[in-house]
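Below is the file coords.txt, which contains compact mmCIF, C-alpha atoms and all ligand atoms.
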```txt
# COMPACT_ATOMS: atom_id res chain seq x y z
CA MET A 1 -181.17 43.16 -134.29
CA THR A 2 -179.42 46.35 -135.34
CA ALA A 3 -179.35 48.86 -132.47
CA ARG A 4 -175.96 48.65 -130.79
CA HIS A 5 -174.59 50.18 -127.69
CA LYS A 6 -171.24 49.14 -126.27
CA LEU A 7 -171.90 47.65 -122.83
CA TYR A 8 -168.43 46.49 -121.91
CA GLU A 9 -165.01 46.07 -123.49
CA GLY A 10 -162.79 43.33 -122.10
CA LYS A 11 -159.32 42.21 -123.07
CA ALA A 12 -160.42 39.84 -125.83
CA LYS A 13 -164.07 40.70 -126.51
CA ILE A 14 -166.53 43.58 -126.74
CA LEU A 15 -170.13 43.20 -125.56
CA TYR A 16 -172.93 45.14 -127.29
CA THR A 17 -176.63 45.43 -126.64
CA THR A 18 -179.11 44.45 -129.36
CA ASP A 19 -182.71 45.60 -129.70
CA ASP A 20 -183.74 42.49 -127.78
CA PRO A 21 -182.95 43.07 -124.06
CA GLU A 22 -182.53 39.31 -123.55
CA ILE A 23 -179.84 39.03 -126.22
CA LEU A 24 -176.35 40.56 -126.39
CA LEU A 25 -173.75 40.56 -129.15
CA THR A 26 -170.16 39.53 -128.42
CA TYR A 27 -167.42 40.72 -130.79
CA PHE A 28 -164.24 38.62 -130.63
CA LYS A 29 -161.07 40.73 -130.99
CA ASP A 30 -157.63 39.72 -132.27
CA ASP A 31 -156.07 41.35 -129.17
CA ALA A 32 -154.24 39.02 -126.83
CA THR A 33 -153.04 39.65 -123.30
CA ALA A 34 -151.30 37.53 -120.71
CA PHE A 35 -150.17 37.79 -117.09
CA ASN A 36 -153.08 40.08 -116.20
CA ALA A 37 -152.48 42.28 -119.25
CA GLN A 38 -148.80 42.93 -118.46
CA LYS A 39 -148.05 41.33 -121.83
CA ARG A 40 -150.07 42.62 -124.77
CA GLY A 41 -150.17 41.71 -128.43
CA SER A 42 -152.34 40.63 -131.28
CA ILE A 43 -152.90 37.27 -132.92
CA ALA A 44 -153.98 37.68 -136.56
CA GLY A 45 -157.35 36.04 -137.19
CA LYS A 46 -157.84 35.07 -133.53
CA GLY A 47 -161.23 36.79 -133.23
CA GLU A 48 -162.75 34.72 -136.01
CA ILE A 49 -161.03 31.50 -134.94
CA ASN A 50 -162.07 31.78 -131.28
CA CYS A 51 -165.62 32.78 -132.23
CA ALA A 52 -165.87 29.76 -134.54
CA ILE A 53 -164.33 27.29 -132.06
CA SER A 54 -166.45 28.60 -129.17
CA SER A 55 -169.62 28.41 -131.25
CA HIS A 56 -168.96 24.79 -132.22
CA LEU A 57 -168.08 23.78 -128.65
CA PHE A 58 -171.11 25.53 -127.13
CA GLN A 59 -173.37 23.69 -129.60
CA LEU A 60 -171.65 20.40 -128.82
CA LEU A 61 -172.21 21.03 -125.10
CA GLU A 62 -175.87 21.97 -125.65
CA ALA A 63 -176.29 18.63 -127.44
CA HIS A 64 -174.95 17.03 -124.23
CA HIS A 65 -177.45 18.87 -122.01
CA VAL A 66 -175.12 21.64 -120.79
CA SER A 67 -177.01 24.96 -120.93
CA THR A 68 -174.94 27.75 -122.43
CA HIS A 69 -175.45 31.40 -123.34
CA PHE A 70 -174.88 30.66 -127.06
CA VAL A 71 -177.63 31.79 -129.46
CA ASP A 72 -176.05 32.03 -132.92
CA ARG A 73 -173.06 33.32 -134.88
CA PRO A 74 -174.33 36.04 -137.23
CA THR A 75 -170.88 36.93 -138.66
CA ALA A 76 -167.40 35.39 -138.51
CA ASN A 77 -166.32 37.14 -135.32
CA GLU A 78 -169.65 37.89 -133.66
CA MET A 79 -171.80 35.72 -131.42
CA HIS A 80 -175.31 36.41 -130.12
CA VAL A 81 -175.59 35.30 -126.51
CA ARG A 82 -178.27 35.30 -123.82
CA ALA A 83 -177.92 38.21 -121.41
CA VAL A 84 -176.64 36.84 -118.09
CA THR A 85 -175.11 38.23 -114.93
CA ILE A 86 -171.60 36.80 -114.89
CA LEU A 87 -170.60 35.21 -111.58
CA PRO A 88 -167.25 36.71 -110.49
CA LEU A 89 -165.60 33.28 -110.58
CA GLU A 90 -163.20 31.58 -112.96
CA VAL A 91 -163.79 27.85 -112.76
CA VAL A 92 -160.66 25.94 -113.81
CA VAL A 93 -160.66 22.20 -114.53
CA ARG A 94 -157.33 20.39 -114.80
CA ASN A 95 -156.62 16.89 -116.12
CA ILE A 96 -152.84 17.24 -116.36
CA ALA A 97 -150.53 19.42 -114.27
CA ALA A 98 -149.40 22.58 -116.07
CA GLY A 99 -149.19 26.34 -115.54
CA SER A 100 -149.94 27.75 -112.11
CA LEU A 101 -150.62 24.29 -110.65
CA CYS A 102 -146.99 23.34 -111.32
CA GLN A 103 -145.68 26.73 -110.17
CA GLN A 104 -147.64 26.67 -106.91
CA THR A 105 -147.38 22.99 -105.94
CA GLY A 106 -144.12 21.75 -107.48
CA LEU A 107 -145.98 19.02 -109.39
CA GLU A 108 -144.05 18.13 -112.52
CA LEU A 109 -145.38 19.45 -115.84
CA GLY A 110 -147.39 16.73 -117.54
CA THR A 111 -148.31 14.77 -114.40
CA VAL A 112 -151.64 13.07 -115.15
CA LEU A 113 -154.05 13.80 -112.29
CA GLU A 114 -155.88 10.78 -110.86
CA GLN A 115 -159.13 12.68 -111.12
CA PRO A 116 -159.94 16.08 -112.60
CA LEU A 117 -159.17 18.99 -110.28
CA VAL A 118 -161.80 21.76 -110.10
CA GLU A 119 -160.60 25.13 -108.79
CA PHE A 120 -162.34 28.45 -108.20
CA TYR A 121 -160.52 31.74 -108.81
CA TYR A 122 -161.82 35.20 -107.91
CA LYS A 123 -162.52 37.03 -111.20
CA ASN A 124 -161.01 40.34 -110.18
CA ASP A 125 -158.29 41.93 -112.35
CA ALA A 126 -157.27 44.43 -109.66
CA LEU A 127 -156.42 41.51 -107.37
CA GLY A 128 -154.89 39.38 -110.17
CA ASP A 129 -157.64 36.70 -110.15
CA PRO A 130 -156.43 34.90 -106.98
CA LEU A 131 -157.13 31.23 -106.22
CA LEU A 132 -159.98 30.97 -103.69
CA THR A 133 -160.59 28.61 -100.83
CA LEU A 134 -164.25 27.64 -100.43
CA ASP A 135 -164.33 29.55 -97.14
CA ARG A 136 -163.10 32.71 -98.89
CA LEU A 137 -165.63 32.21 -101.71
CA PHE A 138 -168.45 32.09 -99.13
CA LEU A 139 -166.90 34.91 -97.06
CA LEU A 140 -167.08 37.16 -100.15
CA ASP A 141 -170.58 35.90 -101.05
CA LEU A 142 -169.44 35.03 -104.57
CA ALA A 143 -171.90 32.11 -104.85
CA THR A 144 -174.13 29.98 -102.62
CA ALA A 145 -173.21 26.44 -101.54
CA ALA A 146 -175.88 25.07 -103.90
CA GLN A 147 -174.45 27.12 -106.78
CA VAL A 148 -170.92 25.87 -106.03
CA ASP A 149 -172.18 22.27 -106.18
CA GLN A 150 -173.86 22.99 -109.53
CA LEU A 151 -170.81 24.78 -110.92
CA ARG A 152 -168.57 21.86 -110.00
CA ALA A 153 -170.97 19.32 -111.56
CA LYS A 154 -171.34 21.42 -114.74
CA ALA A 155 -167.58 21.97 -115.02
CA LEU A 156 -166.96 18.21 -114.72
CA GLN A 157 -169.64 17.48 -117.32
CA VAL A 158 -168.02 20.02 -119.68
CA ASN A 159 -164.69 18.30 -119.04
CA ARG A 160 -166.10 14.87 -119.95
CA VAL A 161 -167.67 16.12 -123.19
CA LEU A 162 -164.72 18.25 -124.30
CA SER A 163 -162.03 15.72 -123.34
CA GLU A 164 -163.74 13.07 -125.46
CA PHE A 165 -164.23 15.48 -128.35
CA PHE A 166 -160.63 16.77 -128.35
CA GLN A 167 -159.37 13.20 -128.02
CA LYS A 168 -161.06 12.47 -131.36
CA CYS A 169 -159.26 15.55 -132.75
CA GLY A 170 -155.90 14.09 -131.67
CA ILE A 171 -155.64 16.79 -128.99
CA THR A 172 -155.23 16.36 -125.23
CA LEU A 173 -157.36 18.73 -123.15
CA VAL A 174 -154.87 19.56 -120.39
CA ASP A 175 -156.89 22.21 -118.53
CA PHE A 176 -159.34 25.03 -119.17
CA LYS A 177 -161.16 27.96 -117.60
CA LEU A 178 -164.93 28.46 -117.62
CA GLU A 179 -167.16 31.36 -116.66
CA PHE A 180 -170.82 31.05 -115.79
CA GLY A 181 -173.71 33.50 -115.58
CA LEU A 182 -177.20 33.66 -114.12
CA ASP A 183 -180.20 34.31 -116.35
CA ARG A 184 -183.37 36.11 -115.22
CA GLU A 185 -184.68 32.91 -113.61
CA GLN A 186 -181.35 32.51 -111.74
CA GLN A 187 -180.50 29.48 -113.88
CA ILE A 188 -176.79 28.91 -114.33
CA LEU A 189 -175.63 29.12 -117.97
CA LEU A 190 -172.13 28.44 -119.26
CA ALA A 191 -170.90 31.78 -120.66
CA ASP A 192 -167.81 33.59 -121.98
CA GLU A 193 -165.82 31.49 -124.51
CA ILE A 194 -164.05 28.15 -124.88
CA SER A 195 -161.06 28.55 -127.16
CA PRO A 196 -157.27 28.22 -127.35
CA ASP A 197 -157.22 31.43 -125.24
CA THR A 198 -158.92 29.63 -122.34
CA CYS A 199 -157.76 26.00 -122.70
CA ARG A 200 -154.42 24.21 -122.73
CA LEU A 201 -154.42 21.93 -125.77
CA TRP A 202 -151.55 19.55 -126.61
CA ASP A 203 -151.09 17.91 -130.00
CA GLN A 204 -151.00 14.15 -129.42
CA ALA A 205 -148.94 13.66 -132.60
CA ASP A 206 -145.95 15.57 -131.19
CA PRO A 207 -144.34 14.64 -127.85
CA ASP A 208 -142.02 17.68 -127.88
CA PRO A 209 -143.08 19.85 -124.90
CA ASN A 210 -142.93 23.08 -126.91
CA ARG A 211 -144.03 21.91 -130.37
CA ARG A 212 -147.11 20.13 -128.98
CA VAL A 213 -148.57 23.38 -127.56
CA MET A 214 -151.63 24.51 -129.59
CA ASP A 215 -152.97 27.23 -127.28
CA LYS A 216 -152.27 30.65 -125.82
CA ASP A 217 -149.17 29.34 -124.05
CA ARG A 218 -147.48 29.86 -127.47
CA PHE A 219 -148.15 33.59 -126.98
CA ARG A 220 -147.54 33.63 -123.20
CA ARG A 221 -144.19 31.86 -123.56
CA ASP A 222 -143.09 33.35 -126.93
CA LEU A 223 -143.03 29.93 -128.61
CA GLY A 224 -143.85 31.38 -132.07
CA ASP A 225 -146.32 30.11 -134.71
CA VAL A 226 -149.28 31.27 -132.62
CA GLU A 227 -151.63 31.93 -135.56
CA SER A 228 -150.98 28.57 -137.21
CA ALA A 229 -151.56 26.70 -133.93
CA TYR A 230 -154.95 28.41 -133.44
CA GLN A 231 -155.80 27.74 -137.10
CA GLN A 232 -154.88 24.06 -136.66
CA VAL A 233 -157.19 23.72 -133.63
CA LEU A 234 -160.04 25.22 -135.68
CA GLN A 235 -159.37 22.90 -138.64
CA ARG A 236 -159.49 19.83 -136.39
CA VAL A 237 -162.63 21.03 -134.56
CA LEU A 238 -164.36 21.65 -137.91
CA ALA A 239 -163.29 18.28 -139.31
CA GLN A 240 -164.43 16.42 -136.19
CA THR A 241 -167.72 18.35 -136.03
CA ALA A 242 -168.43 17.47 -139.68
CA GLN A 243 -167.85 13.78 -138.91
CA SER A 244 -170.17 13.53 -135.93
P1 LIG B 1 -153.22 28.61 -115.01
O1 LIG B 1 -152.46 27.32 -115.03
O2 LIG B 1 -152.40 29.79 -115.47
O3 LIG B 1 -153.91 28.84 -113.69
O4 LIG B 1 -154.38 28.48 -116.12
C1 LIG B 1 -155.32 27.44 -116.03
C2 LIG B 1 -156.22 27.47 -117.27
O5 LIG B 1 -157.00 28.64 -117.30
C3 LIG B 1 -155.46 27.45 -118.60
O6 LIG B 1 -156.16 26.60 -119.50
C4 LIG B 1 -155.51 28.86 -119.10
C5 LIG B 1 -156.79 29.40 -118.50
N1 LIG B 1 -156.70 30.80 -118.12
C6 LIG B 1 -157.59 31.70 -118.66
O7 LIG B 1 -158.44 31.36 -119.47
N2 LIG B 1 -157.49 33.01 -118.27
C7 LIG B 1 -156.57 33.43 -117.37
O8 LIG B 1 -156.54 34.62 -117.04
C8 LIG B 1 -155.66 32.47 -116.81
C9 LIG B 1 -154.61 32.89 -115.81
C10 LIG B 1 -155.76 31.17 -117.21
```
Write-out of the structure in structure tokens:
Amino acid sequence: MTARHKLYEGKAKILYTTDDPEILLTYFKDDATAFNAQKRGSIAGKGEINCAISSHLFQLLEAHHVSTHFVDRPTANEMHVRAVTILPLEVVVRNIAAGSLCQQTGLELGTVLEQPLVEFYYKNDALGDPLLTLDRLFLLDLATAAQVDQLRAKALQVNRVLSEFFQKCGITLVDFKLEFGLDREQQILLADEISPDTCRLWDQADPDPNRRVMDKDRFRRDLGDVESAYQQVLQRVLAQTAQS
């Protein structure tokens, strides 16, 4: 697969065609943005780290019967994926209150939720990815009722698998964002990436509310040591993957 044509460049990844129309190539960049790209920077080595972590997690999920777009990882920061039409939804699952949930509801940071909360956001940069109600989601025809049911079930299954896995890594999976796509048969596949850019991950060994942060909040909130936190997540994912 050599022929390449840039299809799309996003904030953290570039998507290329390959000579197989069913397969695309994702290049993971070191670029980092936050607050809808109002804050921009770079995290050294992030492309490789996020590509590696995502690849391992997609394979773990496949082993637990979650269909993903992952095909293989031909180089350190490239991933072959199945070509899908991305649904314009960001599906967020939360186990513990943090981020916008705290800002918008007044819930205290760190409140353990009785059951996981699944939320749908409109994937639309111009509008700032607003939180949707189900009625608005249907009003805008972003998915069918049957697709919403499937997305919720898949997101909760991903949460079960990843929470258990990260627990074994000594990491608490606080919340995360997923994106899904439709293949040619209209089957829903988990797409995009799963990495410290898209998850909140807290080190269980450190109760300090700033030191425990192992994810992009270190960049968003200028907590420092961003690279080493990402590197530490990768080390633990690799060690745990090797054990199981
Ligand atoms: P939030 O608390 O800011 O709504 O974020 C919830 C989760 O979604 C958190 O794990 C970070 C992730 N996320 C993204 O992956 N991309 C985004 O653009 C935003 C705002 C959050």
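The space between CA of Glu62 in chain A and CA of Tyr121 in chain A spans 24.8 Å.
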(message) Using only C-alpha atoms and all ligand atoms, which residues of the polymer chains come no farther than 6 Å from ligand LIG 1 (chain B)? I'd like the answer as number ranges by chain.
(response) A: 92, 98-101, 175-177, 197-200
Grab the residues selected above and save them as a compact mmCIF listing (two decimals), in the coordinates of the input with C-alpha atoms.
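Final output, again_14.txt:
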```
# COMPACT_ATOMS: atom_id res chain seq x y z
CA VAL A 92 -160.66 25.94 -113.81
CA ALA A 98 -149.40 22.58 -116.07
CA GLY A 99 -149.19 26.34 -115.54
CA SER A 100 -149.94 27.75 -112.11
CA LEU A 101 -150.62 24.29 -110.65
CA ASP A 175 -156.89 22.21 -118.53
CA PHE A 176 -159.34 25.03 -119.17
CA LYS A 177 -161.16 27.96 -117.60
CA ASP A 197 -157.22 31.43 -125.24
CA THR A 198 -158.92 29.63 -122.34
CA CYS A 199 -157.76 26.00 -122.70
CA ARG A 200 -154.42 24.21 -122.73
```
Would you give me, as a Markdown table, each residue of range 83-200 of chain A having an atom within 9 Å of an atom of range 13-22 of chain A, along with its shortest atom pair and that distance in Å to one decimal, using all atoms listed in the file and sorting by chain and residue number?
```
| residue | atom | partner | partner_atom | distance |
| --- | --- | --- | --- | --- |
| A:Ala83 | CA | A:Glu22 | CA | 5.2 |
| A:Val84 | CA | A:Glu22 | CA | 8.4 |
| A:Arg184 | CA | A:Glu22 | CA | 9.0 |
```
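The shortest atom-to-atom distance to Asp192 in chain A, with all atoms listed in the file taken into account, belongs to A:Phe180 out of A:Tyr27, A:Tyr230, A:Phe180, A:Tyr122.
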(message) With only C-alpha atoms as the counted atoms, please give the residues lying no more than 9 Å from Leu234 in chain A, apart from itself and same-chain residues fewer than 4 positions off, as a list of chain:residue names.
(response)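 In the requested form, the answer reads A:Ile49, A:Asn50, A:Ala52, A:Ile53, A:Ala229, A:Tyr230, A:Leu238, A:Ala239.
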(request) Go through A:Leu132, A:Cys169, A:Ile188, A:Leu109 one by one, measure the shortest atom-to-atom distance of each to Gln147 in chain A using all atoms listed in the file, and give the residue with the smallest value. (result)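 Answer, going by the shortest atom-to-atom distance: A:Ile188.
For the point (-170.4, 34.9, -137.5), the residues with at least one atom inside 12 Å, counting all atoms listed in the file, are Leu25, Thr26, Tyr27, Phe28, Gly47, Glu48, Ile49, Asn50, Cys51, Ala52, Ile53, Ser54, Ser55, His56, Val71, Asp72, Arg73, Pro74, Thr75, Ala76, Asn77, Glu78, Met79 and His80 of chain A.
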Can those selected residues be exported to a file as a short mmCIF file (atom, residue, chain, number, x, y, z; two decimals), keeping the file's coordinate frame so that it contains C-alpha atoms?
```cif
data_model
loop_
_atom_site.label_atom_id
_atom_site.label_comp_id
_atom_site.auth_asym_id
_atom_site.auth_seq_id
_atom_site.Cartn_x
_atom_site.Cartn_y
_atom_site.Cartn_z
CA LEU A 25 -173.75 40.56 -129.15
CA THR A 26 -170.16 39.53 -128.42
CA TYR A 27 -167.42 40.72 -130.79
CA PHE A 28 -164.24 38.62 -130.63
CA GLY A 47 -161.23 36.79 -133.23
CA GLU A 48 -162.75 34.72 -136.01
CA ILE A 49 -161.03 31.50 -134.94
CA ASN A 50 -162.07 31.78 -131.28
CA CYS A 51 -165.62 32.78 -132.23
CA ALA A 52 -165.87 29.76 -134.54
CA ILE A 53 -164.33 27.29 -132.06
CA SER A 54 -166.45 28.60 -129.17
CA SER A 55 -169.62 28.41 -131.25
CA HIS A 56 -168.96 24.79 -132.22
CA VAL A 71 -177.63 31.79 -129.46
CA ASP A 72 -176.05 32.03 -132.92
CA ARG A 73 -173.06 33.32 -134.88
CA PRO A 74 -174.33 36.04 -137.23
CA THR A 75 -170.88 36.93 -138.66
CA ALA A 76 -167.40 35.39 -138.51
CA ASN A 77 -166.32 37.14 -135.32
CA GLU A 78 -169.65 37.89 -133.66
CA MET A 79 -171.80 35.72 -131.42
CA HIS A 80 -175.31 36.41 -130.12
#
```
(message) Using all atoms listed in the file, can you tell me which of A:Asp206, A:Glu90, A:Asp141, A:Asp149 comes closest to Glu179 in chain A?
(response)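 Closest to Glu179 in chain A, using all atoms listed in the file: A:Glu90.
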(request) Tell me which of A:Phe120, A:Phe35, A:Phe70, A:Trp202 sits closest to Lys11 in chain A, counting all atoms listed in the file. (result)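 Nearest to Lys11 in chain A: A:Phe35.
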Tell me which residues come within 10 Å of (-159.1, 11.7, -111.1), as a CSV table (one decimal) with C-alpha atoms, in the frame of the given file, counting only C-alpha atoms in the file's coordinates.
```csv
chain,number,residue,atom,x,y,z
A,94,ARG,CA,-157.3,20.4,-114.8
A,95,ASN,CA,-156.6,16.9,-116.1
A,96,ILE,CA,-152.8,17.2,-116.4
A,112,VAL,CA,-151.6,13.1,-115.2
A,113,LEU,CA,-154.0,13.8,-112.3
A,114,GLU,CA,-155.9,10.8,-110.9
A,115,GLN,CA,-159.1,12.7,-111.1
A,116,PRO,CA,-159.9,16.1,-112.6
A,117,LEU,CA,-159.2,19.0,-110.3
```
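Interatomic distance, CA of Leu131 in chain A against CA of Ala34 in chain A: 16.8 Å.
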(message) Report, in Å to a single decimal, how far apart CA of Leu156 in chain A and CA of Lys168 in chain A are.
(response) 18.6 Å
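Restricting the calculation to only C-alpha atoms, the smallest distance between Phe138 in chain A and any of A:Ala37, A:Leu89, A:Val158, A:Ala242 is found for A:Leu89.
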Give me, as JSON lines, the closest atom pair and its distance (Å, one decimal) for every residue of range 5-94 of chain A within a cut-off of 8 Å of range 207-228 of chain A, counting only C-alpha atoms, rows sorted by chain and rising number.
```
{"residue": "A:Ala34", "atom": "CA", "partner": "A:Arg220", "partner_atom": "CA", "distance": 6.0}
{"residue": "A:Phe35", "atom": "CA", "partner": "A:Arg220", "partner_atom": "CA", "distance": 7.8}
{"residue": "A:Lys39", "atom": "CA", "partner": "A:Arg220", "partner_atom": "CA", "distance": 7.8}
{"residue": "A:Ile43", "atom": "CA", "partner": "A:Glu227", "partner_atom": "CA", "distance": 6.1}
{"residue": "A:Ala44", "atom": "CA", "partner": "A:Glu227", "partner_atom": "CA", "distance": 6.3}
{"residue": "A:Gly45", "atom": "CA", "partner": "A:Glu227", "partner_atom": "CA", "distance": 7.2}
{"residue": "A:Lys46", "atom": "CA", "partner": "A:Glu227", "partner_atom": "CA", "distance": 7.2}
```
(request) Identify which of the residues A:Arg40, A:Lys154, A:Arg236, A:Arg4 lies closest to Thr68 in chain A, counting only C-alpha atoms when measuring atom-to-atom distances. (result)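 Of A:Arg40, A:Lys154, A:Arg236, A:Arg4, the one nearest Thr68 in chain A, counting only C-alpha atoms, is A:Lys154.
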Kindly provide, as JSON, the centre and edge lengths (Å, one decimal) of an axis-aligned box around all atoms of range 212-219 of chain A given in the file, with 6 Å on each side.
```
{"center_x": -150.0, "center_y": 26.9, "center_z": -126.8, "size_x": 17.9, "size_y": 25.5, "size_z": 17.5}
```
